Each structure stands twice: as C-alpha cells, then as structure tokens.
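K.L.:
Dropping in entry.txt, which is compact mmCIF, C-alpha atoms and all ligand atoms:
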# COMPACT_ATOMS: atom_id res chain seq x y z
CA MET Q 13 157.03 79.23 162.88
CA SER Q 14 155.42 82.31 164.35
CA ALA Q 15 157.55 85.31 165.10
CA THR Q 16 156.78 85.17 168.80
CA SER Q 17 157.33 81.46 169.39
CA LYS Q 18 160.47 80.24 171.11
CA VAL Q 19 163.27 79.32 168.77
CA VAL Q 20 166.76 78.01 169.19
CA SER Q 21 169.43 79.36 166.90
CA GLY Q 22 172.70 77.72 165.99
CA LYS Q 23 174.42 80.22 168.26
CA GLY Q 24 172.44 79.27 171.36
CA HIS Q 25 169.05 79.98 172.80
CA LEU Q 26 167.18 82.83 171.20
CA GLU Q 27 163.74 83.63 172.44
CA PRO Q 28 162.32 86.70 170.71
CA THR Q 29 160.24 88.63 173.20
CA ALA Q 30 159.28 91.34 170.72
CA ASP Q 31 156.93 90.77 167.80
CA LEU Q 32 159.86 90.76 165.41
CA GLY Q 33 160.91 87.69 163.48
CA ARG Q 34 163.94 85.62 164.36
CA GLU Q 35 165.90 86.90 161.39
CA ALA Q 36 165.16 90.51 162.35
CA VAL Q 37 166.21 89.92 165.96
CA GLU Q 38 169.45 88.24 164.91
CA GLU Q 39 170.30 91.01 162.49
CA ILE Q 40 169.47 93.85 164.88
CA SER Q 41 171.19 92.27 167.88
CA SER Q 42 174.31 91.63 165.82
CA GLN Q 43 174.36 95.35 164.99
CA LEU Q 44 173.85 96.17 168.67
CA ARG Q 45 176.75 93.92 169.72
CA ARG Q 46 179.11 95.59 167.27
CA LEU Q 47 177.92 99.02 168.38
CA LEU Q 48 178.45 98.09 172.02
CA ALA Q 49 182.00 96.92 171.27
CA ASP Q 50 182.71 100.20 169.47
CA VAL Q 51 181.20 102.25 172.28
CA PHE Q 52 183.31 100.47 174.93
CA THR Q 53 186.38 101.04 172.73
CA LEU Q 54 185.59 104.73 172.38
CA TYR Q 55 184.85 105.00 176.11
CA LEU Q 56 188.20 103.56 177.10
CA LYS Q 57 190.07 105.63 174.53
CA THR Q 58 188.35 108.83 175.68
CA LYS Q 59 189.17 108.00 179.31
CA SER Q 60 192.75 107.12 178.41
CA PHE Q 61 193.20 110.46 176.65
CA HIS Q 62 191.57 112.17 179.66
CA TRP Q 63 194.21 110.49 181.87
CA HIS Q 64 197.18 111.10 179.55
CA MET Q 65 196.32 114.63 178.42
CA THR Q 66 199.17 117.15 178.60
CA GLY Q 67 199.91 120.70 177.52
CA ARG Q 68 198.78 124.21 178.21
CA HIS Q 69 195.08 123.43 177.74
CA PHE Q 70 195.31 120.45 180.08
CA ARG Q 71 192.50 121.42 182.40
CA ASP Q 72 189.97 122.23 179.65
CA TYR Q 73 190.69 119.11 177.60
CA HIS Q 74 190.93 116.86 180.66
CA LEU Q 75 187.47 118.00 181.76
CA LEU Q 76 185.95 117.90 178.25
CA LEU Q 77 187.04 114.30 177.75
CA ASP Q 78 185.71 113.25 181.14
CA GLU Q 79 182.33 114.76 180.25
CA GLN Q 80 182.35 112.94 176.91
CA ALA Q 81 183.42 109.64 178.49
CA GLU Q 82 180.51 109.85 180.91
CA GLN Q 83 178.05 110.34 178.05
CA ILE Q 84 179.59 107.46 176.08
CA PHE Q 85 179.50 105.12 179.08
CA ALA Q 86 175.82 105.93 179.63
CA MET Q 87 175.07 104.44 176.19
CA THR Q 88 176.46 101.01 177.04
CA ASP Q 89 173.75 99.78 179.39
CA ASN Q 90 170.98 100.88 177.02
CA ILE Q 91 172.57 99.18 174.01
CA ALA Q 92 173.04 95.92 175.92
CA GLU Q 93 169.57 95.95 177.45
CA ARG Q 94 167.95 96.73 174.10
CA ALA Q 95 169.38 93.44 172.79
CA ARG Q 96 168.07 91.61 175.88
CA LYS Q 97 164.62 93.18 175.41
CA LEU Q 98 164.57 91.70 171.92
CA GLY Q 99 165.31 88.30 173.45
CA SER Q 100 168.87 88.16 172.24
CA ARG Q 101 172.31 88.07 173.84
CA THR Q 102 174.85 90.79 174.22
CA LEU Q 103 178.60 91.02 174.92
CA ARG Q 104 180.03 88.90 177.71
CA SER Q 105 183.72 89.77 177.87
CA ILE Q 106 186.64 92.00 176.95
CA GLY Q 107 187.68 89.24 174.52
CA GLU Q 108 184.36 89.55 172.76
CA ILE Q 109 184.73 93.32 172.57
CA SER Q 110 188.08 92.87 170.84
CA ARG Q 111 186.55 90.47 168.32
CA GLU Q 112 183.58 92.73 167.53
CA GLN Q 113 185.12 96.23 167.64
CA ARG Q 114 185.51 98.23 164.43
CA LEU Q 115 187.04 101.34 166.04
CA ARG Q 116 190.72 100.75 166.72
CA ASP Q 117 192.66 100.99 169.99
CA ASN Q 118 195.61 103.31 170.33
CA ASP Q 119 198.38 102.05 172.65
CA ARG Q 120 200.94 104.62 171.56
CA ASP Q 121 202.85 106.59 174.17
CA SER Q 122 203.29 110.34 174.05
CA LEU Q 123 200.54 111.47 171.74
CA SER Q 124 200.18 115.23 171.57
CA ALA Q 125 196.97 116.84 172.76
CA GLU Q 126 196.07 117.62 169.15
CA GLU Q 127 196.63 114.04 168.03
CA MET Q 128 194.38 112.76 170.82
CA LEU Q 129 191.58 115.20 170.04
CA SER Q 130 191.81 114.64 166.26
CA GLN Q 131 191.65 110.93 166.74
CA LEU Q 132 188.59 111.15 168.97
CA ARG Q 133 186.94 113.44 166.43
CA ALA Q 134 187.55 110.83 163.70
CA ASP Q 135 186.36 107.99 165.93
CA ASN Q 136 183.16 109.81 166.85
CA ARG Q 137 182.52 110.50 163.16
CA GLU Q 138 183.05 106.85 162.39
CA LEU Q 139 180.72 105.88 165.22
CA THR Q 140 178.01 108.10 163.69
CA ARG Q 141 178.40 106.11 160.47
CA PHE Q 142 178.01 102.81 162.34
CA LEU Q 143 174.97 104.17 164.17
CA ARG Q 144 173.37 105.13 160.84
CA LEU Q 145 174.03 101.62 159.50
CA ALA Q 146 172.37 100.09 162.56
CA HIS Q 147 169.48 102.55 162.18
CA GLU Q 148 168.92 101.38 158.59
CA VAL Q 149 168.72 97.76 159.75
CA CYS Q 150 166.24 98.69 162.51
CA GLU Q 151 164.08 100.66 160.07
CA ARG Q 152 164.09 97.81 157.58
CA HIS Q 153 162.63 95.55 160.30
CA ASN Q 154 160.35 98.25 161.70
CA ASP Q 155 162.10 98.14 165.10
CA VAL Q 156 161.08 101.68 166.01
CA ALA Q 157 162.26 101.48 169.62
CA SER Q 158 165.88 100.64 168.72
CA ALA Q 159 165.76 103.20 165.89
CA SER Q 160 164.58 105.93 168.25
CA LEU Q 161 167.36 105.20 170.78
CA ILE Q 162 169.90 105.26 167.96
CA GLU Q 163 168.61 108.66 166.81
CA VAL Q 164 169.44 110.11 170.23
CA TRP Q 165 172.91 108.52 170.18
CA ILE Q 166 173.57 109.98 166.73
CA ASP Q 167 172.69 113.44 168.01
CA GLU Q 168 174.96 113.02 171.06
CA THR Q 169 177.80 111.65 168.93
CA GLU Q 170 177.50 114.54 166.49
CA ARG Q 171 177.65 116.95 169.43
CA ARG Q 172 180.86 115.35 170.72
CA THR Q 173 182.32 115.49 167.20
CA TRP Q 174 181.38 119.17 166.94
CA PHE Q 175 183.08 120.06 170.24
CA LEU Q 176 186.22 118.13 169.28
CA ALA Q 177 186.28 119.74 165.82
CA GLU Q 178 186.04 123.22 167.34
CA VAL Q 179 188.84 122.50 169.79
CA VAL Q 180 191.13 120.92 167.18
CA GLY Q 181 190.42 123.81 164.80
CA SER Q 182 191.47 126.35 167.43
CA ASN Q 183 194.93 124.82 167.98
FE FE Q 201 189.22 111.57 186.01
Will you turn the file into structure tokens for me?
P.N.:
Amino acid sequence: MSATSKVVSGKGHLEPTADLGREAVEEISSQLRRLLADVFTLYLKTKSFHWHMTGRHFRDYHLLLDEQAEQIFAMTDNIAERARKLGSRTLRSIGEISREQRLRDNDRDSLSAEEMLSQLRADNRELTRFLRLAHEVCERHNDVASASLIEVWIDETERRTWFLAEVVGSN
C-alpha cells in the first residue's frame, strides 16, 4: 500500500495527507496527543496557581504565571492541527486528556508560593523531556515540520523553566 493512499486503522479512519507512511503518522500523532494532554494539564495548573497565588510577591508571580499560561495555551492549537495536517485525529475531550496526560494534576489546597513555583519548574522540565522524545520520533520518520515546531516549543519551555528557577532560587 502506498504511503499516500487512504487507509483505515483499527482505531478509526486514518487518511495520511502527508507523504509519510501510516506507521509514521500513527506514531507521531500518538506523541502529539500525549503532548497535547500534557500541555493542557500544564496550562490549567499554571492558571490555577495564577488564581491561587498568595504572599508578598503576589503581583509579580500572578503576572508571571499569566504570561506563561498564555504561551502554553498558544501551543495547543498548533499541536492539535499538526496531527490533523498529518491526517490523524487529536484529543476530543477532558476525559481523553486525563487518560493521556503524563504530568500530574495538583488539587491540594493552600500550597505556598514557593511550592507552586517549584512544581511548575519541575513540570516544565518534564515537558521538555517529553518534547525531546517526540522530536526523536519525528526525526526518525523525517517529519521535519513537526520537529521544527517542537524545537520552538522546547526553547519556550526552557525559557519558562529558567524564569521559574530564578524566582524559586531568590526565595
Ligand atoms: Fe487572570
């Protein structure tokens, strides 16, 4: 079967639109779904900490986290649409996010400002690791477009981690 012909996978219709094989598309889009779930998780956690921030640096941290949340949210549409460009599916629901997410939620009350910032620093570091894993899969299949988007997201994620590390270090 040629790489560009229409195929149906066991998981539903899959019609590769790129010149990548079916196996490549399935592997890359699975990475993209997991990344999207992690990015939504990090977005909501960053927003939650923006809302629940307290302490004498409230204004600075509240604003920093809003800025970071905005950048994180901007990734979501591009991750989802990259999967659609490859002819694959993406996330459909909150339930699917909870099944795919690797970063963990935090429902605890009364976290200190330092605990919130340290946790976001760790989560952003972890996200960089997941982005590198996805990048390896894209490179293996020569999907340069996904790889190049991921490179930008790694740079942005490392920047967020840097800011959080500087702030946590100064406490
Ligand atoms: Fe706000």
K.L.:
Pick out the closest residue to Q:Leu56 from this set: Q:Arg96, Q:His69, Q:Arg116, Q:Arg111. Count only C-alpha atoms.
P.N.:
Q:Arg116
K.L.:
In Å, how far is it from atom CA of Q:Glu126 to atom CA of Q:Arg141?
P.N.:
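If I compute the distance from atom CA of Q:Glu126 to atom CA of Q:Arg141, I get 22.8 Å.
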K.L.:
Ranking Q:Leu75, Q:Val37, Q:Ala177, Q:Val51 by minimum distance to ligand FE 201 (chain Q) and counting all atoms listed in the file, which one comes first?
P.N.:
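Of all the options, Q:Leu75 lies closest to ligand FE 201 (chain Q).
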K.L.:
Restricting the calculation to all atoms listed in the file: of Q:Ile109, Q:Leu115, Q:Ile91, Q:Ala157, which residue gets closest to Q:Leu132?
P.N.:
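Looking only at the distances to Q:Leu132, the closest residue turns out to be Q:Leu115.
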K.L.:
Taking only C-alpha atoms and all ligand atoms into account, report as a PyMOL selection string which residues have an atom no farther than 12 Å from an atom of ligand FE 201 (chain Q).
P.N.:
chain Q and resi 58-65+71+73-82
K.L.:
Out of Q:Arg68, Q:Asn154, Q:Glu163, Q:Ala49, which residue has the shortest atom-to-atom distance to Q:Gly107 when counting all atoms listed in the file?
P.N.:
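Among the listed residues, the smallest separation from Q:Gly107 belongs to Q:Ala49.
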K.L.:
At most 6 Å from (180.4, 102.6, 179.1), file frame, only C-alpha atoms: which residues, as a PyMOL selection string?
P.N.:
chain Q and resi 52+55+84-86+88
K.L.:
Counting all atoms listed in the file, figure out which residue out of Q:Ser122, Q:Ser110, Q:Ser160, Q:Ser100 gets nearest to Q:Gln43.
P.N.:
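Distance minimum relative to Q:Gln43 lands on Q:Ser100.
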K.L.:
Of the candidates Q:Thr140, Q:Leu103, Q:Arg152, Q:Ser124, which shows the shortest atom-to-atom distance to Q:Glu35, using all atoms listed in the file?
P.N.:
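Once distances to Q:Glu35 are computed over all atoms listed in the file, the minimum belongs to Q:Arg152.
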K.L.:
Suppose you want the space between atom CA of Q:Arg104 and atom CA of Q:Glu39; what is it in Å?
P.N.:
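Rounded to one decimal, the two atoms are 18.2 Å apart.
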K.L.:
Between atom CA of Q:Cys150 and atom CA of Q:Asn90, what distance in Å does the model show, to one decimal?
P.N.:
15.4 Å
K.L.:
Between stretch 27-124 of chain Q and stretch 143-149 of chain Q, at 10 Å or less, what are the per-residue closest atom pairs and their distances in Å? Count all atoms listed in the file, order by chain and rising residue number, and return it as a tab-separated table.
P.N.:
residue	atom	partner	partner_atom	distance
Q:Ala36	CA	Q:Val149	CA	8.5
Q:Glu39	CA	Q:Val149	CA	7.5
Q:Ile40	CA	Q:Val149	CA	6.5
Q:Ser41	CA	Q:Ala146	CA	9.5
Q:Ser42	CA	Q:Ala146	CA	9.3
Q:Gln43	CA	Q:Ala146	CA	5.7
Q:Leu44	CA	Q:Ala146	CA	7.4
Q:Arg46	CA	Q:Ala146	CA	9.4
Q:Leu47	CA	Q:Leu143	CA	7.3
K.L.:
Just to be explicit: take each residue in the selection above, keep C-alpha atoms, and write the result as a compact mmCIF listing (two decimals), in the coordinates of the input.
P.N.:
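Writing the result to selection30.txt gives the following:
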# COMPACT_ATOMS: atom_id res chain seq x y z
CA ALA Q 36 165.16 90.51 162.35
CA GLU Q 39 170.30 91.01 162.49
CA ILE Q 40 169.47 93.85 164.88
CA SER Q 41 171.19 92.27 167.88
CA SER Q 42 174.31 91.63 165.82
CA GLN Q 43 174.36 95.35 164.99
CA LEU Q 44 173.85 96.17 168.67
CA ARG Q 46 179.11 95.59 167.27
CA LEU Q 47 177.92 99.02 168.38
K.L.:
Mind completing stretch 80-116 of chain Q with N, CA and C atoms? Output as a PDB file, in the frame of the given file, please?
P.N.:
ATOM      1  N   GLN Q  80     182.711 113.777 178.062  1.00  0.00           N
ATOM      2  CA  GLN Q  80     182.350 112.940 176.910  1.00  0.00           C
ATOM      3  C   GLN Q  80     182.352 111.457 177.290  1.00  0.00           C
ATOM      4  N   ALA Q  81     183.337 111.058 178.084  1.00  0.00           N
ATOM      5  CA  ALA Q  81     183.420 109.640 178.490  1.00  0.00           C
ATOM      6  C   ALA Q  81     182.173 109.236 179.272  1.00  0.00           C
ATOM      7  N   GLU Q  82     181.712 110.136 180.102  1.00  0.00           N
ATOM      8  CA  GLU Q  82     180.510 109.850 180.910  1.00  0.00           C
ATOM      9  C   GLU Q  82     179.299 109.621 180.003  1.00  0.00           C
ATOM     10  N   GLN Q  83     179.175 110.467 178.985  1.00  0.00           N
ATOM     11  CA  GLN Q  83     178.050 110.340 178.050  1.00  0.00           C
ATOM     12  C   GLN Q  83     178.157 109.031 177.257  1.00  0.00           C
ATOM     13  N   ILE Q  84     179.375 108.694 176.848  1.00  0.00           N
ATOM     14  CA  ILE Q  84     179.590 107.460 176.080  1.00  0.00           C
ATOM     15  C   ILE Q  84     179.270 106.238 176.940  1.00  0.00           C
ATOM     16  N   PHE Q  85     179.743 106.265 178.194  1.00  0.00           N
ATOM     17  CA  PHE Q  85     179.500 105.120 179.080  1.00  0.00           C
ATOM     18  C   PHE Q  85     178.007 104.923 179.326  1.00  0.00           C
ATOM     19  N   ALA Q  86     177.273 106.021 179.383  1.00  0.00           N
ATOM     20  CA  ALA Q  86     175.820 105.930 179.630  1.00  0.00           C
ATOM     21  C   ALA Q  86     175.105 105.190 178.491  1.00  0.00           C
ATOM     22  N   MET Q  87     175.699 105.164 177.304  1.00  0.00           N
ATOM     23  CA  MET Q  87     175.070 104.440 176.190  1.00  0.00           C
ATOM     24  C   MET Q  87     175.129 102.924 176.374  1.00  0.00           C
ATOM     25  N   THR Q  88     176.185 102.450 177.067  1.00  0.00           N
ATOM     26  CA  THR Q  88     176.460 101.010 177.040  1.00  0.00           C
ATOM     27  C   THR Q  88     175.315 100.169 177.611  1.00  0.00           C
ATOM     28  N   ASP Q  89     174.798 100.574 178.746  1.00  0.00           N
ATOM     29  CA  ASP Q  89     173.750  99.780 179.390  1.00  0.00           C
ATOM     30  C   ASP Q  89     172.496  99.716 178.508  1.00  0.00           C
ATOM     31  N   ASN Q  90     172.177 100.839 177.874  1.00  0.00           N
ATOM     32  CA  ASN Q  90     170.980 100.880 177.020  1.00  0.00           C
ATOM     33  C   ASN Q  90     171.143 100.029 175.756  1.00  0.00           C
ATOM     34  N   ILE Q  91     172.342 100.010 175.203  1.00  0.00           N
ATOM     35  CA  ILE Q  91     172.570  99.180 174.010  1.00  0.00           C
ATOM     36  C   ILE Q  91     172.431  97.703 174.390  1.00  0.00           C
ATOM     37  N   ALA Q  92     173.079  97.320 175.494  1.00  0.00           N
ATOM     38  CA  ALA Q  92     173.040  95.920 175.920  1.00  0.00           C
ATOM     39  C   ALA Q  92     171.616  95.495 176.280  1.00  0.00           C
ATOM     40  N   GLU Q  93     170.919  96.325 177.005  1.00  0.00           N
ATOM     41  CA  GLU Q  93     169.570  95.950 177.450  1.00  0.00           C
ATOM     42  C   GLU Q  93     168.561  95.962 176.313  1.00  0.00           C
ATOM     43  N   ARG Q  94     168.823  96.767 175.294  1.00  0.00           N
ATOM     44  CA  ARG Q  94     167.950  96.730 174.100  1.00  0.00           C
ATOM     45  C   ARG Q  94     168.020  95.345 173.454  1.00  0.00           C
ATOM     46  N   ALA Q  95     169.230  94.788 173.371  1.00  0.00           N
ATOM     47  CA  ALA Q  95     169.380  93.440 172.790  1.00  0.00           C
ATOM     48  C   ALA Q  95     168.654  92.411 173.650  1.00  0.00           C
ATOM     49  N   ARG Q  96     168.744  92.549 174.975  1.00  0.00           N
ATOM     50  CA  ARG Q  96     168.070  91.610 175.880  1.00  0.00           C
ATOM     51  C   ARG Q  96     166.551  91.749 175.777  1.00  0.00           C
ATOM     52  N   LYS Q  97     166.072  92.973 175.571  1.00  0.00           N
ATOM     53  CA  LYS Q  97     164.620  93.180 175.410  1.00  0.00           C
ATOM     54  C   LYS Q  97     164.112  92.469 174.167  1.00  0.00           C
ATOM     55  N   LEU Q  98     164.973  92.382 173.148  1.00  0.00           N
ATOM     56  CA  LEU Q  98     164.570  91.700 171.920  1.00  0.00           C
ATOM     57  C   LEU Q  98     164.664  90.180 172.067  1.00  0.00           C
ATOM     58  N   GLY Q  99     165.195  89.737 173.216  1.00  0.00           N
ATOM     59  CA  GLY Q  99     165.310  88.300 173.450  1.00  0.00           C
ATOM     60  C   GLY Q  99     166.630  87.738 172.982  1.00  0.00           C
ATOM     61  N   SER Q 100     167.588  88.625 172.742  1.00  0.00           N
ATOM     62  CA  SER Q 100     168.870  88.160 172.240  1.00  0.00           C
ATOM     63  C   SER Q 100     169.964  88.337 173.282  1.00  0.00           C
ATOM     64  N   ARG Q 101     171.175  87.943 172.914  1.00  0.00           N
ATOM     65  CA  ARG Q 101     172.310  88.070 173.840  1.00  0.00           C
ATOM     66  C   ARG Q 101     173.122  89.311 173.508  1.00  0.00           C
ATOM     67  N   THR Q 102     173.957  89.659 174.475  1.00  0.00           N
ATOM     68  CA  THR Q 102     174.850  90.790 174.220  1.00  0.00           C
ATOM     69  C   THR Q 102     176.272  90.383 174.597  1.00  0.00           C
ATOM     70  N   LEU Q 103     177.190  91.349 174.677  1.00  0.00           N
ATOM     71  CA  LEU Q 103     178.600  91.020 174.920  1.00  0.00           C
ATOM     72  C   LEU Q 103     178.793  90.439 176.317  1.00  0.00           C
ATOM     73  N   ARG Q 104     179.753  89.527 176.422  1.00  0.00           N
ATOM     74  CA  ARG Q 104     180.030  88.900 177.710  1.00  0.00           C
ATOM     75  C   ARG Q 104     181.430  89.174 178.245  1.00  0.00           C
ATOM     76  N   SER Q 105     182.332  89.667 177.411  1.00  0.00           N
ATOM     77  CA  SER Q 105     183.720  89.770 177.870  1.00  0.00           C
ATOM     78  C   SER Q 105     184.530  90.790 177.081  1.00  0.00           C
ATOM     79  N   ILE Q 106     185.686  91.130 177.643  1.00  0.00           N
ATOM     80  CA  ILE Q 106     186.640  92.000 176.950  1.00  0.00           C
ATOM     81  C   ILE Q 106     187.096  91.325 175.647  1.00  0.00           C
ATOM     82  N   GLY Q 107     187.274  89.986 175.725  1.00  0.00           N
ATOM     83  CA  GLY Q 107     187.680  89.240 174.520  1.00  0.00           C
ATOM     84  C   GLY Q 107     186.660  89.417 173.409  1.00  0.00           C
ATOM     85  N   GLU Q 108     185.390  89.390 173.772  1.00  0.00           N
ATOM     86  CA  GLU Q 108     184.360  89.550 172.760  1.00  0.00           C
ATOM     87  C   GLU Q 108     184.353  90.976 172.203  1.00  0.00           C
ATOM     88  N   ILE Q 109     184.617  91.933 173.055  1.00  0.00           N
ATOM     89  CA  ILE Q 109     184.730  93.320 172.570  1.00  0.00           C
ATOM     90  C   ILE Q 109     185.818  93.385 171.505  1.00  0.00           C
ATOM     91  N   SER Q 110     186.958  92.762 171.788  1.00  0.00           N
ATOM     92  CA  SER Q 110     188.080  92.870 170.840  1.00  0.00           C
ATOM     93  C   SER Q 110     187.772  92.154 169.527  1.00  0.00           C
ATOM     94  N   ARG Q 111     186.923  91.146 169.569  1.00  0.00           N
ATOM     95  CA  ARG Q 111     186.550  90.470 168.320  1.00  0.00           C
ATOM     96  C   ARG Q 111     185.518  91.260 167.520  1.00  0.00           C
ATOM     97  N   GLU Q 112     184.686  92.033 168.202  1.00  0.00           N
ATOM     98  CA  GLU Q 112     183.580  92.730 167.530  1.00  0.00           C
ATOM     99  C   GLU Q 112     183.905  94.183 167.167  1.00  0.00           C
ATOM    100  N   GLN Q 113     184.892  94.789 167.815  1.00  0.00           N
ATOM    101  CA  GLN Q 113     185.120  96.230 167.640  1.00  0.00           C
ATOM    102  C   GLN Q 113     185.588  96.567 166.223  1.00  0.00           C
ATOM    103  N   ARG Q 114     185.063  97.707 165.713  1.00  0.00           N
ATOM    104  CA  ARG Q 114     185.510  98.230 164.430  1.00  0.00           C
ATOM    105  C   ARG Q 114     186.415  99.437 164.656  1.00  0.00           C
ATOM    106  N   LEU Q 115     186.129 100.245 165.680  1.00  0.00           N
ATOM    107  CA  LEU Q 115     187.040 101.340 166.040  1.00  0.00           C
ATOM    108  C   LEU Q 115     188.311 100.724 166.610  1.00  0.00           C
ATOM    109  N   ARG Q 116     189.446 101.339 166.313  1.00  0.00           N
ATOM    110  CA  ARG Q 116     190.720 100.750 166.720  1.00  0.00           C
ATOM    111  C   ARG Q 116     191.227 101.347 168.029  1.00  0.00           C
TER     112      ARG Q 116
END
